[in-house]
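Printed here is run_16.txt (compact mmCIF, C-alpha atoms):
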# COMPACT_ATOMS: atom_id res chain seq x y z
CA MET A 1 1.55 8.06 -18.92
CA ASP A 2 -1.33 5.60 -19.32
CA ARG A 3 -0.48 4.11 -15.92
CA GLU A 4 -0.49 7.55 -14.29
CA ARG A 5 -3.83 8.41 -15.92
CA GLU A 6 -5.35 5.13 -14.72
CA ILE A 7 -4.21 5.76 -11.14
CA TYR A 8 -5.71 9.25 -11.31
CA LYS A 9 -9.07 7.84 -12.45
CA VAL A 10 -9.20 5.22 -9.69
CA THR A 11 -8.15 7.74 -7.05
CA LEU A 12 -10.75 10.23 -8.26
CA VAL A 13 -13.51 7.63 -7.89
CA GLY A 14 -12.31 6.92 -4.34
CA SER A 15 -12.06 10.59 -3.42
CA ILE A 16 -15.64 11.26 -4.54
CA GLY A 17 -16.86 8.34 -2.43
CA ASN A 18 -14.76 9.46 0.54
CA ALA A 19 -16.01 13.06 0.33
CA ALA A 20 -19.66 11.95 0.27
CA LEU A 21 -19.20 9.50 3.16
CA LEU A 22 -17.19 12.03 5.15
CA ALA A 23 -20.02 14.58 5.07
CA PHE A 24 -22.73 12.02 5.82
CA LYS A 25 -20.81 10.38 8.68
CA PHE A 26 -20.06 13.66 10.44
CA VAL A 27 -23.70 14.72 10.23
CA ALA A 28 -24.88 11.27 11.35
CA GLY A 29 -22.37 11.20 14.21
CA VAL A 30 -23.35 14.63 15.52
CA VAL A 31 -27.11 14.25 15.02
CA GLY A 32 -27.08 10.64 16.26
CA HIS A 33 -24.83 11.41 19.28
CA SER A 34 -22.43 8.61 18.30
CA PRO A 35 -18.70 8.79 19.19
CA ALA A 36 -18.10 5.66 17.10
CA MET A 37 -19.58 7.30 14.01
CA ILE A 38 -17.65 10.53 14.57
CA ALA A 39 -14.48 8.41 14.87
CA ASP A 40 -15.44 6.66 11.65
CA ALA A 41 -15.89 10.07 10.01
CA VAL A 42 -12.37 11.05 11.11
CA HIS A 43 -11.14 7.91 9.40
CA SER A 44 -12.94 8.93 6.21
CA LEU A 45 -11.26 12.32 6.49
CA SER A 46 -7.87 10.59 6.57
CA ASP A 47 -8.96 8.63 3.48
CA PHE A 48 -9.74 11.85 1.65
CA VAL A 49 -6.36 13.33 2.61
CA THR A 50 -4.76 10.10 1.40
CA ASP A 51 -6.36 10.54 -2.01
CA VAL A 52 -4.85 14.01 -2.27
CA VAL A 53 -1.42 12.58 -1.37
CA VAL A 54 -1.78 9.89 -4.05
CA ILE A 55 -2.62 12.44 -6.75
CA LEU A 56 0.34 14.65 -5.80
CA PHE A 57 2.92 11.88 -5.59
CA VAL A 58 1.85 9.84 -8.62
CA SER A 59 2.60 12.77 -10.91
CA ILE A 60 6.10 12.94 -9.43
CA SER A 61 6.82 9.20 -9.46
CA ALA A 62 5.74 8.95 -13.12
CA LYS A 63 8.53 11.31 -14.23
CA PRO A 64 11.29 9.63 -16.25
CA GLN A 65 14.84 9.35 -14.97
CA ASP A 66 16.93 12.49 -15.09
CA ALA A 67 20.30 13.77 -13.90
CA SER A 68 19.13 14.08 -10.30
CA HIS A 69 17.30 10.72 -10.19
CA GLU A 70 19.09 8.32 -12.52
CA TYR A 71 16.98 5.36 -11.33
CA GLY A 72 13.76 7.29 -11.90
CA HIS A 73 11.32 8.74 -9.36
CA GLY A 74 9.61 5.53 -8.24
CA LYS A 75 10.63 6.03 -4.60
CA PHE A 76 8.24 8.97 -4.38
CA GLU A 77 5.41 6.48 -4.76
CA THR A 78 6.86 4.48 -1.88
CA MET A 79 7.20 7.64 0.19
CA ALA A 80 3.52 8.39 -0.42
CA SER A 81 2.63 4.87 0.78
CA PHE A 82 4.60 5.51 3.96
CA LEU A 83 2.84 8.85 4.50
CA ILE A 84 -0.52 7.12 4.04
CA ALA A 85 0.47 4.62 6.73
CA LEU A 86 1.47 7.46 9.08
CA ALA A 87 -1.86 9.22 8.46
CA LEU A 88 -3.70 5.99 9.19
CA MET A 89 -1.71 5.45 12.40
CA ALA A 90 -2.45 9.02 13.53
CA ALA A 91 -6.16 8.54 12.81
CA ALA A 92 -6.13 5.28 14.77
CA ALA A 93 -4.45 6.94 17.75
CA GLY A 94 -7.06 9.71 17.78
CA ILE A 95 -9.91 7.21 17.59
CA ILE A 96 -8.52 5.11 20.46
CA PHE A 97 -7.93 8.19 22.63
CA SER A 98 -11.46 9.47 22.04
CA GLY A 99 -12.96 6.06 22.81
CA CYS A 100 -10.94 5.68 25.99
CA THR A 101 -12.01 9.15 27.13
CA LYS A 102 -15.69 8.19 26.71
CA LEU A 103 -15.08 4.87 28.44
CA VAL A 104 -13.49 6.56 31.46
CA ALA A 105 -16.41 8.99 31.66
CA TRP A 106 -18.88 6.09 31.59
CA TRP A 107 -16.90 4.26 34.29
CA GLY A 108 -17.09 7.41 36.41
CA GLY A 109 -20.87 7.35 36.27
CA GLU A 110 -21.58 9.61 33.31
CA GLN A 111 -24.61 8.53 31.27
CA LEU A 112 -23.68 8.29 27.62
CA PRO A 113 -26.42 9.17 25.10
CA VAL A 114 -28.08 6.41 23.09
CA PRO A 115 -26.98 6.81 19.46
CA GLY A 116 -29.65 7.58 16.88
CA SER A 117 -30.62 5.24 14.06
CA ILE A 118 -29.11 7.63 11.50
CA ALA A 119 -25.67 6.70 12.84
CA LEU A 120 -26.40 3.01 12.25
CA TRP A 121 -27.56 3.63 8.69
CA ALA A 122 -24.42 5.66 8.03
CA ALA A 123 -22.25 2.78 9.25
CA LEU A 124 -24.07 0.24 7.09
CA LEU A 125 -23.83 2.46 4.01
CA SER A 126 -20.13 3.00 4.67
CA ILE A 127 -19.47 -0.76 4.85
CA VAL A 128 -20.99 -1.31 1.40
CA VAL A 129 -19.38 1.70 -0.32
CA LYS A 130 -15.91 1.23 1.16
CA GLU A 131 -15.77 -2.50 0.44
CA LEU A 132 -16.70 -1.80 -3.19
CA LEU A 133 -13.96 0.86 -3.36
CA TYR A 134 -11.48 -1.61 -1.85
CA GLN A 135 -12.29 -4.29 -4.42
CA PHE A 136 -12.07 -1.80 -7.30
CA THR A 137 -8.83 -0.15 -6.14
CA SER A 138 -7.03 -3.38 -5.21
CA PHE A 139 -7.93 -4.92 -8.59
CA LYS A 140 -6.48 -1.93 -10.42
CA GLY A 141 -3.49 -1.79 -8.07
CA ARG A 142 -2.56 -5.42 -8.78
CA ARG A 143 -2.98 -4.94 -12.51
CA LEU A 144 -0.83 -1.77 -12.52
CA GLN A 145 1.64 -3.21 -9.96
CA SER A 146 1.28 -0.07 -7.84
CA GLN A 147 2.20 -0.33 -4.16
CA LEU A 148 0.69 3.11 -3.67
CA MET A 149 -2.69 2.00 -4.99
CA MET A 150 -2.59 -1.15 -2.88
CA ALA A 151 -1.90 0.99 0.20
CA ASN A 152 -4.83 3.20 -0.72
CA ALA A 153 -7.00 0.11 -1.27
CA TRP A 154 -6.21 -1.11 2.22
CA HIS A 155 -7.15 2.31 3.51
CA HIS A 156 -10.59 1.72 1.96
CA ARG A 157 -10.78 -1.77 3.48
CA SER A 158 -9.74 -0.49 6.91
CA ASP A 159 -12.54 2.08 6.73
CA ALA A 160 -15.01 -0.68 5.86
CA LEU A 161 -13.76 -2.71 8.86
CA SER A 162 -14.01 0.32 11.13
CA SER A 163 -17.60 0.80 9.97
CA VAL A 164 -18.34 -2.84 10.83
CA GLY A 165 -17.10 -2.21 14.37
CA ALA A 166 -19.06 1.04 14.54
CA ALA A 167 -22.24 -0.69 13.29
CA VAL A 168 -21.94 -3.41 15.93
CA GLY A 169 -21.39 -0.91 18.74
CA ILE A 170 -24.08 1.52 17.58
CA GLY A 171 -26.58 -1.26 16.88
CA GLY A 172 -25.93 -2.87 20.26
CA ALA A 173 -26.36 0.43 22.08
CA ILE A 174 -29.63 1.14 20.25
CA VAL A 175 -31.12 -2.33 20.77
CA LEU A 176 -30.00 -2.88 24.38
CA GLY A 177 -30.77 0.64 25.64
CA ASN A 178 -29.20 3.02 28.17
CA ARG A 179 -27.29 0.40 30.17
CA TRP A 180 -25.26 -0.60 27.10
CA THR A 181 -24.46 2.77 25.53
CA VAL A 182 -20.83 2.02 26.45
CA LEU A 183 -20.78 -0.34 23.43
CA ASP A 184 -20.47 2.70 21.16
CA PRO A 185 -17.11 3.98 22.53
CA LEU A 186 -15.92 0.38 22.96
CA ALA A 187 -16.57 -0.17 19.27
CA SER A 188 -14.53 2.92 18.42
CA ILE A 189 -11.57 1.54 20.43
CA VAL A 190 -11.76 -1.81 18.61
CA VAL A 191 -11.88 0.08 15.31
CA GLY A 192 -8.79 2.04 16.29
CA LEU A 193 -6.84 -1.10 17.16
CA MET A 194 -7.70 -2.65 13.80
CA LEU A 195 -6.42 0.46 12.08
CA VAL A 196 -3.15 0.31 14.03
CA ARG A 197 -2.52 -3.19 12.66
CA VAL A 198 -3.22 -2.17 9.06
CA ALA A 199 -1.08 0.98 9.38
CA TRP A 200 1.81 -1.04 10.81
CA MET A 201 1.69 -3.51 7.90
CA LEU A 202 1.80 -0.65 5.39
CA MET A 203 4.64 1.08 7.25
CA TRP A 204 6.63 -2.17 7.36
CA THR A 205 6.30 -2.73 3.59
CA SER A 206 6.99 0.81 2.44
CA GLY A 207 9.65 1.36 5.12
CA GLY A 208 11.50 -1.74 3.93
CA GLU A 209 11.58 -0.37 0.40
CA LEU A 210 12.71 3.09 1.52
CA THR A 211 15.59 1.48 3.45
CA GLU A 212 16.63 -0.54 0.38
CA GLY A 213 15.19 -3.86 1.53
CA SER A 214 15.86 -6.82 -0.77
CA LEU A 215 13.20 -8.56 -2.83
CA PRO A 216 11.58 -11.69 -1.33
CA ALA A 217 13.69 -14.86 -1.42
CA ASP A 218 11.45 -16.57 -3.98
CA MET A 219 11.91 -13.68 -6.43
CA GLU A 220 15.68 -13.76 -5.98
CA GLN A 221 15.66 -17.53 -6.59
CA GLN A 222 13.68 -16.94 -9.78
CA ILE A 223 16.31 -14.42 -10.91
CA VAL A 224 19.09 -16.95 -10.32
CA ARG A 225 17.19 -19.67 -12.19
CA THR A 226 16.68 -17.34 -15.15
CA ILE A 227 20.39 -16.56 -15.32
CA CYS A 228 21.34 -20.23 -14.99
CA SER A 229 19.01 -21.14 -17.89
CA PHE A 230 21.83 -19.95 -20.18
CA SER A 231 24.17 -22.93 -20.42
CA ASP A 232 27.35 -20.89 -21.01
CA VAL A 233 26.81 -18.76 -17.87
CA GLN A 234 27.94 -20.05 -14.48
CA GLN A 235 28.05 -19.19 -10.79
CA PRO A 236 25.79 -16.13 -10.39
CA HIS A 237 26.84 -14.41 -7.17
CA ASN A 238 26.82 -11.09 -5.29
CA LEU A 239 23.13 -10.73 -6.15
CA ARG A 240 21.62 -7.45 -4.97
CA THR A 241 17.98 -6.52 -5.46
CA ARG A 242 15.63 -3.74 -4.44
CA ARG A 243 12.30 -2.24 -5.40
CA ILE A 244 11.93 1.23 -6.93
CA GLY A 245 8.25 2.13 -6.92
CA ASP A 246 6.49 -0.08 -9.47
CA HIS A 247 9.69 -1.70 -10.80
CA ILE A 248 12.80 -3.43 -9.48
CA ALA A 249 16.59 -3.20 -9.75
CA ILE A 250 18.87 -6.23 -10.10
CA GLU A 251 22.66 -6.28 -9.75
CA VAL A 252 24.56 -9.56 -10.11
CA HIS A 253 27.97 -11.01 -10.98
CA VAL A 254 28.18 -13.98 -13.36
CA ARG A 255 31.06 -16.00 -14.82
CA MET A 256 31.76 -17.05 -18.41
CA ASP A 257 34.66 -18.68 -20.24
CA GLY A 258 37.44 -16.09 -20.29
CA ARG A 259 38.56 -17.21 -23.75
CA LEU A 260 35.33 -16.06 -25.40
CA PRO A 261 35.45 -12.88 -27.55
CA LEU A 262 34.17 -9.70 -25.93
CA ASN A 263 31.28 -9.36 -28.40
CA VAL A 264 30.01 -12.86 -27.48
CA VAL A 265 30.09 -12.02 -23.77
CA HIS A 266 28.30 -8.75 -24.48
CA GLU A 267 25.58 -10.51 -26.49
CA ARG A 268 25.04 -13.02 -23.68
CA ALA A 269 24.75 -10.21 -21.10
CA THR A 270 22.19 -8.47 -23.32
CA ALA A 271 20.20 -11.70 -23.72
CA ILE A 272 20.11 -12.19 -19.93
CA GLU A 273 18.99 -8.59 -19.43
CA HIS A 274 16.18 -8.97 -21.98
CA LYS A 275 14.95 -12.21 -20.40
CA LEU A 276 14.89 -10.66 -16.91
CA LYS A 277 12.92 -7.70 -18.27
CA GLU A 278 10.44 -10.08 -19.90
CA GLN A 279 9.81 -11.66 -16.50
CA PHE A 280 9.87 -8.62 -14.22
CA GLY A 281 8.83 -5.73 -16.47
CA SER A 282 10.39 -3.57 -19.16
CA LYS A 283 11.44 -0.90 -16.63
CA THR A 284 13.57 -3.36 -14.62
CA HIS A 285 17.09 -2.06 -13.98
CA VAL A 286 19.60 -4.83 -14.71
CA THR A 287 23.32 -4.51 -14.00
CA LEU A 288 25.50 -7.49 -14.92
CA HIS A 289 29.16 -7.80 -14.02
CA MET A 290 30.79 -10.43 -16.25
CA GLU A 291 33.80 -12.28 -14.81
CA PRO A 292 36.10 -14.80 -16.53
CA ILE A 293 36.24 -18.40 -15.28
CA LYS A 294 39.84 -18.95 -14.22
Any chance you could put this one into structure tokens?
Amino acid sequence: MDREREIYKVTLVGSIGNAALLAFKFVAGVVGHSPAMIADAVHSLSDFVTDVVVILFVSISAKPQDASHEYGHGKFETMASFLIALALMAAAAGIIFSGCTKLVAWWGGEQLPVPGSIALWAALLSIVVKELLYQFTSFKGRRLQSQLMMANAWHHRSDALSSVGAAVGIGGAIVLGNRWTVLDPLASIVVGLMLVRVAWMLMWTSGGELTEGSLPADMEQQIVRTICSFSDVQQPHNLRTRRIGDHIAIEVHVRMDGRLPLNVVHERATAIEHKLKEQFGSKTHVTLHMEPIK
């Protein structure tokens, strides 16, 4: 419950920042005649929607295991991360399309308006605010081991990066004058491409978990080393691992002397389970299949 409350607090801070930036960017984009800033505002809108998704799904993923979800509800957190990635990809596609439309119009001879200085100030403010939100959210996400919060943190960072691109394009168009107003839509296209990369990385991570992807090789090697640290246990095999939200599941077969009493084998299995939970978290699911050495 403390973890859920902490995620709520962090997300609330981000949503307040996103709401304020969203309003300011849209006004600055319209008043300053800046496609790049309007595109950046759309990105902030996707950030705000993301915060709503986080709040909805965290309350579900925090529920304890029940008859319908015997491994808990951690996958809902992963699903939310995937939805965030989809929202980011959709926002990127819209930004790129809008930028390309402006670029084609400029190529056809249309004179694009010079963006106003308010758009530049909005971009600079966004860079500072969103980078601070990224640092804050990623720090909390690592401490709480929340993939969902890390995905949301990267959404903040991607918005900061998009504002950097917007600031360069808007600033260049303002300084260089009418002949270089095309820098504004070009900046929006670059921003969109950066967002595509970030969205793809998030989709790859969360998609791997949703499709029961195994843990990284170094983590699996650590699991094997932990099991082998017990001198009377041999030949760990058939290791299967996966991530369930903020915790992991481990299934493995191990061999012990078949002449040992059942209570001794049970005690050793319990000791292995406790040691794995010490290393990977108290909510780790551990399933051990004990086999006799023939």
When you count only C-alpha atoms, which of these residues is closest to A:Ile96: A:Ile189, A:Val264, A:Ile174, A:Ala20?
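That would be A:Ile189, the residue with the smallest distance to A:Ile96.
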To box stretch 120-123 of chain A, take all atoms listed in the file, fit an axis-aligned box, add 6 Å on each side, and give centre and edge lengths in Å to one decimal, as JSON.
{"center_x": -24.9, "center_y": 4.2, "center_z": 10.1, "size_x": 17.3, "size_y": 14.9, "size_z": 16.2}
Within 9 Å of stretch 32-39 of chain A, counting only C-alpha atoms, which residues qualify if same-chain residues fewer than 5 places away don't, as an NGL selection string?
:A and (25-27 or 44 or 91-92 or 94-96 or 98-99 or 102 or 112-120 or 122-123 or 162-163 or 165-167 or 169-170 or 184-189 or 191-192)
Quote the spacing between atom CA of A:Glu131 and atom CA of A:Asp40 in Å to one decimal place.
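Computing the Euclidean distance for atom CA of A:Glu131 and atom CA of A:Asp40 yields 14.5 Å.
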Atom CA of A:Trp204 to atom CA of A:Phe82, straight-line distance in Å:
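Atom CA of A:Phe82 sits 8.6 Å away from atom CA of A:Trp204.
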Kindly indicate which residue among A:Val224, A:Leu215, A:Ala90, A:Ala160 lies nearest to A:Leu124, using only C-alpha atoms for the distances.
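Selected residue with least distance to A:Leu124: A:Ala160.
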For atom CA of A:Met149 and atom CA of A:Gln279, determine how far apart the two atoms are, in Å to one decimal place.
21.8 Å
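Proximity to A:Trp200 was assessed for A:Val128, A:Pro216, A:Leu86, A:Ser146 counting only C-alpha atoms; the smallest distance is recorded for A:Leu86.
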Looking at all atoms listed in the file, which of A:Ile55, A:Leu22, A:Leu83, A:Ile127 is the one that sits closest to A:Arg5?
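Checking each of A:Ile55, A:Leu22, A:Leu83, A:Ile127 against A:Arg5, counting all atoms listed in the file, the winner is A:Ile55.
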Would you mind listing what lies within 12 Å of A:Ser229 as a PyMOL selection string, with all atoms listed in the file counted and same-chain residues fewer than 6 positions away left out?
chain A and resi 222-223+235-236+268+271-272+275-276
Nearest-residue call for A:Glu220, choices A:Ile16, A:Ile250, A:Met203, A:Val198, using only C-alpha atoms:
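Selected residue with least distance to A:Glu220: A:Ile250.
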Which one is closest to A:Ala87: A:Phe24, A:Phe48, A:Phe230, A:Trp180? Count all atoms listed in the file.
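For A:Ala87, the nearest of the given residues is A:Phe48.
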Would you list the residues near (-8.8, -2.3, -6.5) (no more than 12 Å away, in the coordinates of the file, using all atoms listed in the file) as a PyMOL selection string?
chain A and resi 6-7+9-11+13-14+130-157
What residues have an atom no more than 6 Å from (20.3, -6.9, -11.5) in the file's own frame, counting all atoms listed in the file, and can you write them as a ChimeraX atom specification?
/A:249-252,286-287
